[in-house]
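J.: Here you go, this is run.txt (compact mmCIF, N, CA and C atoms).
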```txt
# COMPACT_ATOMS: atom_id res chain seq x y z
N THR A 93 5.95 -9.06 -2.41
CA THR A 93 6.81 -8.69 -3.52
C THR A 93 7.08 -9.95 -4.35
N ILE A 94 6.89 -9.82 -5.64
CA ILE A 94 7.13 -10.97 -6.51
C ILE A 94 8.51 -10.86 -7.17
N LYS A 95 8.91 -11.89 -7.88
CA LYS A 95 10.26 -11.96 -8.45
C LYS A 95 10.62 -10.77 -9.34
N THR A 96 9.65 -10.17 -10.00
CA THR A 96 9.92 -9.05 -10.90
C THR A 96 10.17 -7.75 -10.14
N GLY A 97 9.98 -7.78 -8.81
CA GLY A 97 10.19 -6.59 -8.00
C GLY A 97 8.91 -5.79 -7.76
N VAL A 98 7.81 -6.24 -8.33
CA VAL A 98 6.52 -5.58 -8.11
C VAL A 98 6.00 -5.99 -6.74
N THR A 99 5.52 -5.00 -5.99
CA THR A 99 4.97 -5.26 -4.66
C THR A 99 3.48 -4.94 -4.68
N TYR A 100 2.71 -5.78 -4.02
CA TYR A 100 1.27 -5.56 -3.89
C TYR A 100 0.94 -5.35 -2.43
N LEU A 101 0.20 -4.29 -2.14
CA LEU A 101 -0.35 -4.10 -0.80
C LEU A 101 -1.76 -4.64 -0.85
N ASN A 102 -1.99 -5.71 -0.13
CA ASN A 102 -3.30 -6.34 -0.11
C ASN A 102 -3.98 -6.06 1.22
N PHE A 103 -5.28 -6.02 1.20
CA PHE A 103 -6.04 -5.64 2.39
C PHE A 103 -6.93 -6.78 2.87
N CYS A 104 -6.56 -8.00 2.55
CA CYS A 104 -7.27 -9.20 2.96
C CYS A 104 -6.24 -10.23 3.42
N ARG A 105 -6.67 -11.16 4.24
CA ARG A 105 -5.73 -12.22 4.66
C ARG A 105 -5.20 -12.99 3.46
N ASP A 106 -6.09 -13.32 2.53
CA ASP A 106 -5.71 -14.04 1.32
C ASP A 106 -5.89 -13.09 0.14
N TYR A 107 -4.81 -12.77 -0.53
CA TYR A 107 -4.86 -11.79 -1.62
C TYR A 107 -5.86 -12.17 -2.70
N ARG A 108 -6.13 -13.46 -2.85
CA ARG A 108 -7.07 -13.90 -3.89
C ARG A 108 -8.50 -13.48 -3.58
N ASP A 109 -8.78 -13.17 -2.32
CA ASP A 109 -10.11 -12.73 -1.92
C ASP A 109 -10.27 -11.22 -1.97
N CYS A 110 -9.20 -10.50 -2.19
CA CYS A 110 -9.25 -9.04 -2.18
C CYS A 110 -9.79 -8.50 -3.50
N SER A 111 -10.66 -7.52 -3.39
CA SER A 111 -11.19 -6.88 -4.60
C SER A 111 -10.39 -5.63 -4.93
N PHE A 112 -9.41 -5.26 -4.06
CA PHE A 112 -8.62 -4.06 -4.27
C PHE A 112 -7.20 -4.29 -3.78
N SER A 113 -6.23 -3.79 -4.54
CA SER A 113 -4.82 -3.86 -4.16
C SER A 113 -4.14 -2.57 -4.56
N VAL A 114 -3.06 -2.26 -3.88
CA VAL A 114 -2.19 -1.16 -4.26
C VAL A 114 -0.94 -1.79 -4.87
N VAL A 115 -0.53 -1.29 -6.02
CA VAL A 115 0.61 -1.85 -6.74
C VAL A 115 1.79 -0.88 -6.67
N VAL A 116 2.96 -1.42 -6.35
CA VAL A 116 4.19 -0.63 -6.34
C VAL A 116 5.15 -1.30 -7.33
N LEU A 117 5.41 -0.61 -8.43
CA LEU A 117 6.35 -1.15 -9.41
C LEU A 117 7.77 -1.01 -8.88
N ALA A 118 8.66 -1.86 -9.35
CA ALA A 118 10.04 -1.88 -8.86
C ALA A 118 10.70 -0.51 -8.98
N ASP A 119 10.52 0.18 -10.10
CA ASP A 119 11.12 1.50 -10.29
C ASP A 119 10.58 2.52 -9.29
N ASP A 120 9.29 2.41 -8.96
CA ASP A 120 8.68 3.34 -8.00
C ASP A 120 9.15 3.05 -6.58
N ALA A 121 9.42 1.80 -6.28
CA ALA A 121 9.79 1.40 -4.92
C ALA A 121 11.04 2.11 -4.43
N ARG A 122 11.90 2.48 -5.32
CA ARG A 122 13.15 3.16 -4.93
C ARG A 122 12.87 4.53 -4.30
N ARG A 123 11.76 5.15 -4.67
CA ARG A 123 11.40 6.47 -4.14
C ARG A 123 10.51 6.40 -2.90
N LEU A 124 10.06 5.21 -2.57
CA LEU A 124 9.08 5.06 -1.50
C LEU A 124 9.69 4.39 -0.28
N ARG A 125 8.94 4.46 0.83
CA ARG A 125 9.41 3.78 2.05
C ARG A 125 9.29 2.28 1.90
N ASP A 126 9.93 1.57 2.77
CA ASP A 126 9.84 0.11 2.81
C ASP A 126 8.41 -0.25 3.20
N VAL A 127 7.69 -0.87 2.30
CA VAL A 127 6.28 -1.15 2.55
C VAL A 127 6.05 -2.11 3.71
N ARG A 128 7.05 -2.87 4.08
CA ARG A 128 6.87 -3.82 5.19
C ARG A 128 6.54 -3.12 6.50
N VAL A 129 6.96 -1.86 6.66
CA VAL A 129 6.67 -1.14 7.89
C VAL A 129 5.19 -0.73 7.97
N LEU A 130 4.47 -0.88 6.88
CA LEU A 130 3.05 -0.52 6.85
C LEU A 130 2.14 -1.65 7.32
N GLN A 131 2.67 -2.85 7.44
CA GLN A 131 1.84 -4.00 7.81
C GLN A 131 1.16 -3.75 9.15
N GLY A 132 -0.15 -3.93 9.15
CA GLY A 132 -0.94 -3.75 10.37
C GLY A 132 -1.29 -2.31 10.68
N ARG A 133 -0.78 -1.37 9.90
CA ARG A 133 -1.04 0.06 10.13
C ARG A 133 -2.25 0.49 9.31
N GLU A 134 -2.93 1.51 9.79
CA GLU A 134 -4.02 2.11 9.03
C GLU A 134 -3.41 3.17 8.12
N ILE A 135 -3.73 3.08 6.83
CA ILE A 135 -3.17 4.03 5.87
C ILE A 135 -4.28 4.67 5.06
N ARG A 136 -3.94 5.80 4.45
CA ARG A 136 -4.80 6.45 3.47
C ARG A 136 -3.94 6.63 2.22
N ILE A 137 -4.45 6.17 1.10
CA ILE A 137 -3.72 6.31 -0.15
C ILE A 137 -4.65 6.93 -1.18
N THR A 138 -4.10 7.83 -1.97
CA THR A 138 -4.89 8.51 -2.99
C THR A 138 -4.28 8.26 -4.36
N GLY A 139 -5.14 8.26 -5.36
CA GLY A 139 -4.68 8.06 -6.73
C GLY A 139 -5.81 7.55 -7.58
N LYS A 140 -5.49 7.23 -8.80
CA LYS A 140 -6.46 6.75 -9.77
C LYS A 140 -6.66 5.25 -9.61
N VAL A 141 -7.90 4.84 -9.49
CA VAL A 141 -8.24 3.42 -9.38
C VAL A 141 -8.51 2.89 -10.79
N THR A 142 -7.86 1.79 -11.12
CA THR A 142 -8.06 1.17 -12.42
C THR A 142 -8.56 -0.26 -12.22
N SER A 143 -9.07 -0.83 -13.27
CA SER A 143 -9.62 -2.18 -13.21
C SER A 143 -8.61 -3.16 -13.78
N LYS A 144 -8.43 -4.25 -13.08
CA LYS A 144 -7.53 -5.32 -13.53
C LYS A 144 -8.33 -6.62 -13.40
N GLY A 145 -9.02 -6.99 -14.47
CA GLY A 145 -9.90 -8.15 -14.40
C GLY A 145 -11.07 -7.86 -13.48
N ARG A 146 -11.28 -8.71 -12.49
CA ARG A 146 -12.36 -8.51 -11.51
C ARG A 146 -11.90 -7.69 -10.31
N ARG A 147 -10.68 -7.23 -10.35
CA ARG A 147 -10.13 -6.50 -9.21
C ARG A 147 -9.86 -5.04 -9.56
N ALA A 148 -9.86 -4.23 -8.55
CA ALA A 148 -9.49 -2.82 -8.71
C ALA A 148 -8.10 -2.65 -8.11
N GLU A 149 -7.33 -1.76 -8.70
CA GLU A 149 -6.01 -1.50 -8.16
C GLU A 149 -5.62 -0.04 -8.35
N MET A 150 -4.69 0.39 -7.51
CA MET A 150 -4.17 1.74 -7.57
C MET A 150 -2.65 1.64 -7.56
N ARG A 151 -1.99 2.42 -8.38
CA ARG A 151 -0.53 2.41 -8.42
C ARG A 151 0.00 3.47 -7.46
N TRP A 152 0.90 3.06 -6.58
CA TRP A 152 1.55 3.99 -5.65
C TRP A 152 2.88 4.36 -6.27
N GLN A 153 3.00 5.64 -6.66
CA GLN A 153 4.20 6.10 -7.35
C GLN A 153 4.97 7.17 -6.58
N LYS A 154 4.25 7.96 -5.78
CA LYS A 154 4.87 9.11 -5.11
C LYS A 154 4.64 9.03 -3.61
N PRO A 155 5.63 9.43 -2.82
CA PRO A 155 5.47 9.37 -1.36
C PRO A 155 4.24 10.13 -0.86
N GLU A 156 3.91 11.24 -1.49
CA GLU A 156 2.80 12.05 -1.00
C GLU A 156 1.43 11.41 -1.22
N GLN A 157 1.37 10.32 -1.94
CA GLN A 157 0.09 9.62 -2.12
C GLN A 157 -0.34 8.88 -0.86
N LEU A 158 0.58 8.61 0.03
CA LEU A 158 0.28 7.77 1.20
C LEU A 158 0.44 8.54 2.50
N GLN A 159 -0.53 8.35 3.38
CA GLN A 159 -0.45 8.87 4.74
C GLN A 159 -0.69 7.71 5.70
N VAL A 160 0.09 7.66 6.75
CA VAL A 160 -0.10 6.65 7.79
C VAL A 160 -0.89 7.31 8.91
N ALA A 161 -1.97 6.65 9.31
CA ALA A 161 -2.81 7.19 10.38
C ALA A 161 -2.04 7.22 11.69
N VAL A 162 -2.29 8.24 12.47
CA VAL A 162 -1.66 8.35 13.79
C VAL A 162 -2.46 7.49 14.75
N ASP A 163 -1.76 6.69 15.52
CA ASP A 163 -2.41 5.89 16.55
C ASP A 163 -2.79 6.83 17.69
N GLU A 164 -4.08 7.09 17.85
CA GLU A 164 -4.55 8.06 18.85
C GLU A 164 -4.10 7.68 20.27
N GLY A 165 -4.06 6.40 20.55
CA GLY A 165 -3.61 5.96 21.88
C GLY A 165 -2.17 6.32 22.16
N LYS A 166 -1.31 6.11 21.18
CA LYS A 166 0.10 6.47 21.34
C LYS A 166 0.27 7.96 21.42
N ALA A 167 -0.46 8.70 20.60
CA ALA A 167 -0.35 10.17 20.60
C ALA A 167 -0.76 10.72 21.96
N ALA A 168 -1.82 10.17 22.56
CA ALA A 168 -2.29 10.65 23.86
C ALA A 168 -1.27 10.35 24.96
N ARG A 169 -0.62 9.19 24.88
CA ARG A 169 0.37 8.82 25.91
C ARG A 169 1.60 9.70 25.84
N LYS A 170 1.95 10.23 24.65
CA LYS A 170 3.14 11.06 24.50
C LYS A 170 2.95 12.45 25.09
N LYS A 171 1.72 12.91 25.24
CA LYS A 171 1.45 14.26 25.74
C LYS A 171 1.73 14.39 27.21
```
For the structure just supplied, provide its representation as structure tokens.
T.:
Amino acid sequence: TIKTGVTYLNFCRDYRDCSFSVVVLADDARRLRDVRVLQGREIRITGKVTSKGRRAEMRWQKPEQLQVAVDEGKAARKK
């Protein structure tokens, strides 16, 4: 999250090496979950991909755009 309140979900160790990011604007963040809980989780996000220079990005605006994958190991242990 940068000073303006915009949050970037990056999928590389160094964001400068990533060719794709998910962008969460400050106004959208109020409707969404705390993105920090997604770190290290497998997610699926849907939406329109746009070009930003040499990078592609998608804006996350609505909760229904994102699904968190179920950890099959944890699901099996709960049964």
J.: Kindly list the centre and edge lengths in Å, rounded to one decimal, for the axis-aligned box that covers all listed atoms of range 107-112 of chain A plus 6 Å on each of its six sides, as AutoDock Vina command-line options.
T.:
```
--center_x -8.0 --center_y -9.0 --center_z -2.7 --size_x 18.4 --size_y 21.8 --size_z 16.4
```
J.: Suppose you want the space between atom N of Leu158 in chain A and atom N of Asp120 in chain A; what is it in Å?
T.: 14.0 Å
J.: List every residue of chain A that DSSP, applied to the backbone of this structure, places in strand (DSSP E or B), and write the result as a list in words.
T.: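 Matching residues, listed in order: Thr99, Tyr100, Leu101, Asn102, Phe112, Ser113, Val114, Val115, Val116, Ile135, Arg136, Ile137, Val141, Thr142, Ser143, Lys144, Arg147, Ala148, Glu149, Met150, Arg151, Leu158, Gln159 and Val160 of chain A.
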J.: For the selection just defined, write its residues with N, CA and C atoms to a file, as a short mmCIF file (atom, residue, chain, number, x, y, z; two decimals), in the frame of the given file.
T.:
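Result written to again-v1.cif:
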```cif
data_model
loop_
_atom_site.label_atom_id
_atom_site.label_comp_id
_atom_site.auth_asym_id
_atom_site.auth_seq_id
_atom_site.Cartn_x
_atom_site.Cartn_y
_atom_site.Cartn_z
N THR A 99 5.52 -5.00 -5.99
CA THR A 99 4.97 -5.26 -4.66
C THR A 99 3.48 -4.94 -4.68
N TYR A 100 2.71 -5.78 -4.02
CA TYR A 100 1.27 -5.56 -3.89
C TYR A 100 0.94 -5.35 -2.43
N LEU A 101 0.20 -4.29 -2.14
CA LEU A 101 -0.35 -4.10 -0.80
C LEU A 101 -1.76 -4.64 -0.85
N ASN A 102 -1.99 -5.71 -0.13
CA ASN A 102 -3.30 -6.34 -0.11
C ASN A 102 -3.98 -6.06 1.22
N PHE A 112 -9.41 -5.26 -4.06
CA PHE A 112 -8.62 -4.06 -4.27
C PHE A 112 -7.20 -4.29 -3.78
N SER A 113 -6.23 -3.79 -4.54
CA SER A 113 -4.82 -3.86 -4.16
C SER A 113 -4.14 -2.57 -4.56
N VAL A 114 -3.06 -2.26 -3.88
CA VAL A 114 -2.19 -1.16 -4.26
C VAL A 114 -0.94 -1.79 -4.87
N VAL A 115 -0.53 -1.29 -6.02
CA VAL A 115 0.61 -1.85 -6.74
C VAL A 115 1.79 -0.88 -6.67
N VAL A 116 2.96 -1.42 -6.35
CA VAL A 116 4.19 -0.63 -6.34
C VAL A 116 5.15 -1.30 -7.33
N ILE A 135 -3.73 3.08 6.83
CA ILE A 135 -3.17 4.03 5.87
C ILE A 135 -4.28 4.67 5.06
N ARG A 136 -3.94 5.80 4.45
CA ARG A 136 -4.80 6.45 3.47
C ARG A 136 -3.94 6.63 2.22
N ILE A 137 -4.45 6.17 1.10
CA ILE A 137 -3.72 6.31 -0.15
C ILE A 137 -4.65 6.93 -1.18
N VAL A 141 -7.90 4.84 -9.49
CA VAL A 141 -8.24 3.42 -9.38
C VAL A 141 -8.51 2.89 -10.79
N THR A 142 -7.86 1.79 -11.12
CA THR A 142 -8.06 1.17 -12.42
C THR A 142 -8.56 -0.26 -12.22
N SER A 143 -9.07 -0.83 -13.27
CA SER A 143 -9.62 -2.18 -13.21
C SER A 143 -8.61 -3.16 -13.78
N LYS A 144 -8.43 -4.25 -13.08
CA LYS A 144 -7.53 -5.32 -13.53
C LYS A 144 -8.33 -6.62 -13.40
N ARG A 147 -10.68 -7.23 -10.35
CA ARG A 147 -10.13 -6.50 -9.21
C ARG A 147 -9.86 -5.04 -9.56
N ALA A 148 -9.86 -4.23 -8.55
CA ALA A 148 -9.49 -2.82 -8.71
C ALA A 148 -8.10 -2.65 -8.11
N GLU A 149 -7.33 -1.76 -8.70
CA GLU A 149 -6.01 -1.50 -8.16
C GLU A 149 -5.62 -0.04 -8.35
N MET A 150 -4.69 0.39 -7.51
CA MET A 150 -4.17 1.74 -7.57
C MET A 150 -2.65 1.64 -7.56
N ARG A 151 -1.99 2.42 -8.38
CA ARG A 151 -0.53 2.41 -8.42
C ARG A 151 0.00 3.47 -7.46
N LEU A 158 0.58 8.61 0.03
CA LEU A 158 0.28 7.77 1.20
C LEU A 158 0.44 8.54 2.50
N GLN A 159 -0.53 8.35 3.38
CA GLN A 159 -0.45 8.87 4.74
C GLN A 159 -0.69 7.71 5.70
N VAL A 160 0.09 7.66 6.75
CA VAL A 160 -0.10 6.65 7.79
C VAL A 160 -0.89 7.31 8.91
#
```
J.: Which one is closest to Arg136 in chain A: A:Arg123, A:Arg105, A:Phe112, A:Gln157? Count only C-alpha atoms.
T.: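 Smallest separation from Arg136 in chain A among the options: A:Gln157.
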J.: Need the shell around Ile94 in chain A: protein/DNA/RNA residues with any atom at most 12 Å away, counting only C-alpha atoms. Skip same-chain ones fewer than 4 positions apart. Format as a list in words?
T.: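 Here the qualifying residues turn out to be Val98, Thr99, Tyr100, Leu101, Val115, Val116, Leu117 and Ala118 of chain A.
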J.: Filtering to N, CA and C atoms, could you give me those residues as an mmCIF file, in the frame of the given file?
T.:
```cif
data_model
loop_
_atom_site.group_PDB
_atom_site.id
_atom_site.type_symbol
_atom_site.label_atom_id
_atom_site.label_comp_id
_atom_site.auth_asym_id
_atom_site.auth_seq_id
_atom_site.Cartn_x
_atom_site.Cartn_y
_atom_site.Cartn_z
ATOM 1 N N VAL A 98 7.810 -6.240 -8.330
ATOM 2 C CA VAL A 98 6.520 -5.580 -8.110
ATOM 3 C C VAL A 98 6.000 -5.990 -6.740
ATOM 4 N N THR A 99 5.520 -5.000 -5.990
ATOM 5 C CA THR A 99 4.970 -5.260 -4.660
ATOM 6 C C THR A 99 3.480 -4.940 -4.680
ATOM 7 N N TYR A 100 2.710 -5.780 -4.020
ATOM 8 C CA TYR A 100 1.270 -5.560 -3.890
ATOM 9 C C TYR A 100 0.940 -5.350 -2.430
ATOM 10 N N LEU A 101 0.200 -4.290 -2.140
ATOM 11 C CA LEU A 101 -0.350 -4.100 -0.800
ATOM 12 C C LEU A 101 -1.760 -4.640 -0.850
ATOM 13 N N VAL A 115 -0.530 -1.290 -6.020
ATOM 14 C CA VAL A 115 0.610 -1.850 -6.740
ATOM 15 C C VAL A 115 1.790 -0.880 -6.670
ATOM 16 N N VAL A 116 2.960 -1.420 -6.350
ATOM 17 C CA VAL A 116 4.190 -0.630 -6.340
ATOM 18 C C VAL A 116 5.150 -1.300 -7.330
ATOM 19 N N LEU A 117 5.410 -0.610 -8.430
ATOM 20 C CA LEU A 117 6.350 -1.150 -9.410
ATOM 21 C C LEU A 117 7.770 -1.010 -8.880
ATOM 22 N N ALA A 118 8.660 -1.860 -9.350
ATOM 23 C CA ALA A 118 10.040 -1.880 -8.860
ATOM 24 C C ALA A 118 10.700 -0.510 -8.980
#
```
J.: Using only N, CA and C atoms, which of A:Val162, A:Asp109, A:Trp152, A:Thr93 sits nearest Ile137 in chain A?
T.: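 Among the listed residues, the smallest separation from Ile137 in chain A belongs to A:Trp152.
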J.: For atom C of Asp119 in chain A and CA of Glu134 in chain A, quote the distance in Å rounded to one decimal.
T.: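 We find that atom C of Asp119 in chain A and CA of Glu134 in chain A lie 23.4 Å from each other.
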J.: Given the choices A:Ala148, A:Ala161, A:Leu130, A:Val141, which gets closest to Ser113 in chain A if the distance is worked out from only N, CA and C atoms?
T.: A:Ala148
J.: Applying 7 Å and only N, CA and C atoms, which residues near Cys110 in chain A remain after dropping the ones on its own chain fewer than 6 positions away? List them as a list in words.
T.: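 So, after excluding close chain neighbours, the residues are Asn102, Phe103, Cys104, Arg147 and Ala148 of chain A.
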J.: Which parts of chain A does DSSP call alpha helix (DSSP H) when run on the backbone here, written out as a PDB file with N, CA and C atoms, in the frame of the given file?
T.:
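As a result, out_5.pdb now contains:
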```pdb
ATOM      1  N   ALA A 118       8.660  -1.860  -9.350  1.00  0.00           N
ATOM      2  CA  ALA A 118      10.040  -1.880  -8.860  1.00  0.00           C
ATOM      3  C   ALA A 118      10.700  -0.510  -8.980  1.00  0.00           C
ATOM      4  N   ASP A 119      10.520   0.180 -10.100  1.00  0.00           N
ATOM      5  CA  ASP A 119      11.120   1.500 -10.290  1.00  0.00           C
ATOM      6  C   ASP A 119      10.580   2.520  -9.290  1.00  0.00           C
ATOM      7  N   ASP A 120       9.290   2.410  -8.960  1.00  0.00           N
ATOM      8  CA  ASP A 120       8.680   3.340  -8.000  1.00  0.00           C
ATOM      9  C   ASP A 120       9.150   3.050  -6.580  1.00  0.00           C
ATOM     10  N   ALA A 121       9.420   1.800  -6.280  1.00  0.00           N
ATOM     11  CA  ALA A 121       9.790   1.400  -4.920  1.00  0.00           C
ATOM     12  C   ALA A 121      11.040   2.110  -4.430  1.00  0.00           C
ATOM     13  N   GLU A 164      -4.080   7.090  17.850  1.00  0.00           N
ATOM     14  CA  GLU A 164      -4.550   8.060  18.850  1.00  0.00           C
ATOM     15  C   GLU A 164      -4.100   7.680  20.270  1.00  0.00           C
ATOM     16  N   GLY A 165      -4.060   6.400  20.550  1.00  0.00           N
ATOM     17  CA  GLY A 165      -3.610   5.960  21.880  1.00  0.00           C
ATOM     18  C   GLY A 165      -2.170   6.320  22.160  1.00  0.00           C
ATOM     19  N   LYS A 166      -1.310   6.110  21.180  1.00  0.00           N
ATOM     20  CA  LYS A 166       0.100   6.470  21.340  1.00  0.00           C
ATOM     21  C   LYS A 166       0.270   7.960  21.420  1.00  0.00           C
ATOM     22  N   ALA A 167      -0.460   8.700  20.600  1.00  0.00           N
ATOM     23  CA  ALA A 167      -0.350  10.170  20.600  1.00  0.00           C
ATOM     24  C   ALA A 167      -0.760  10.720  21.960  1.00  0.00           C
ATOM     25  N   ALA A 168      -1.820  10.170  22.560  1.00  0.00           N
ATOM     26  CA  ALA A 168      -2.290  10.650  23.860  1.00  0.00           C
ATOM     27  C   ALA A 168      -1.270  10.350  24.960  1.00  0.00           C
ATOM     28  N   ARG A 169      -0.620   9.190  24.880  1.00  0.00           N
ATOM     29  CA  ARG A 169       0.370   8.820  25.910  1.00  0.00           C
ATOM     30  C   ARG A 169       1.600   9.700  25.840  1.00  0.00           C
ATOM     31  N   LYS A 170       1.950  10.230  24.650  1.00  0.00           N
ATOM     32  CA  LYS A 170       3.140  11.060  24.500  1.00  0.00           C
ATOM     33  C   LYS A 170       2.950  12.450  25.090  1.00  0.00           C
TER      34      LYS A 170
END
```
J.: Dump as a PyMOL selection string all residues having an atom at most 7 Å from (-0.2, 5.1, -6.8), computed in the file's coordinates with only N, CA and C atoms.
T.: chain A and resi 115+138-140+150-154+157
J.: What is the atom C of Arg133 in chain A to atom N of Gln159 in chain A distance in Å?
T.: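 A separation of 10.0 Å between them.
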J.: Would you mind telling me which residue in A:Thr96, A:Leu124, A:Ile135, A:Asp106 lies nearest to Pro155 in chain A when using all atoms listed in the file?
T.: A:Leu124
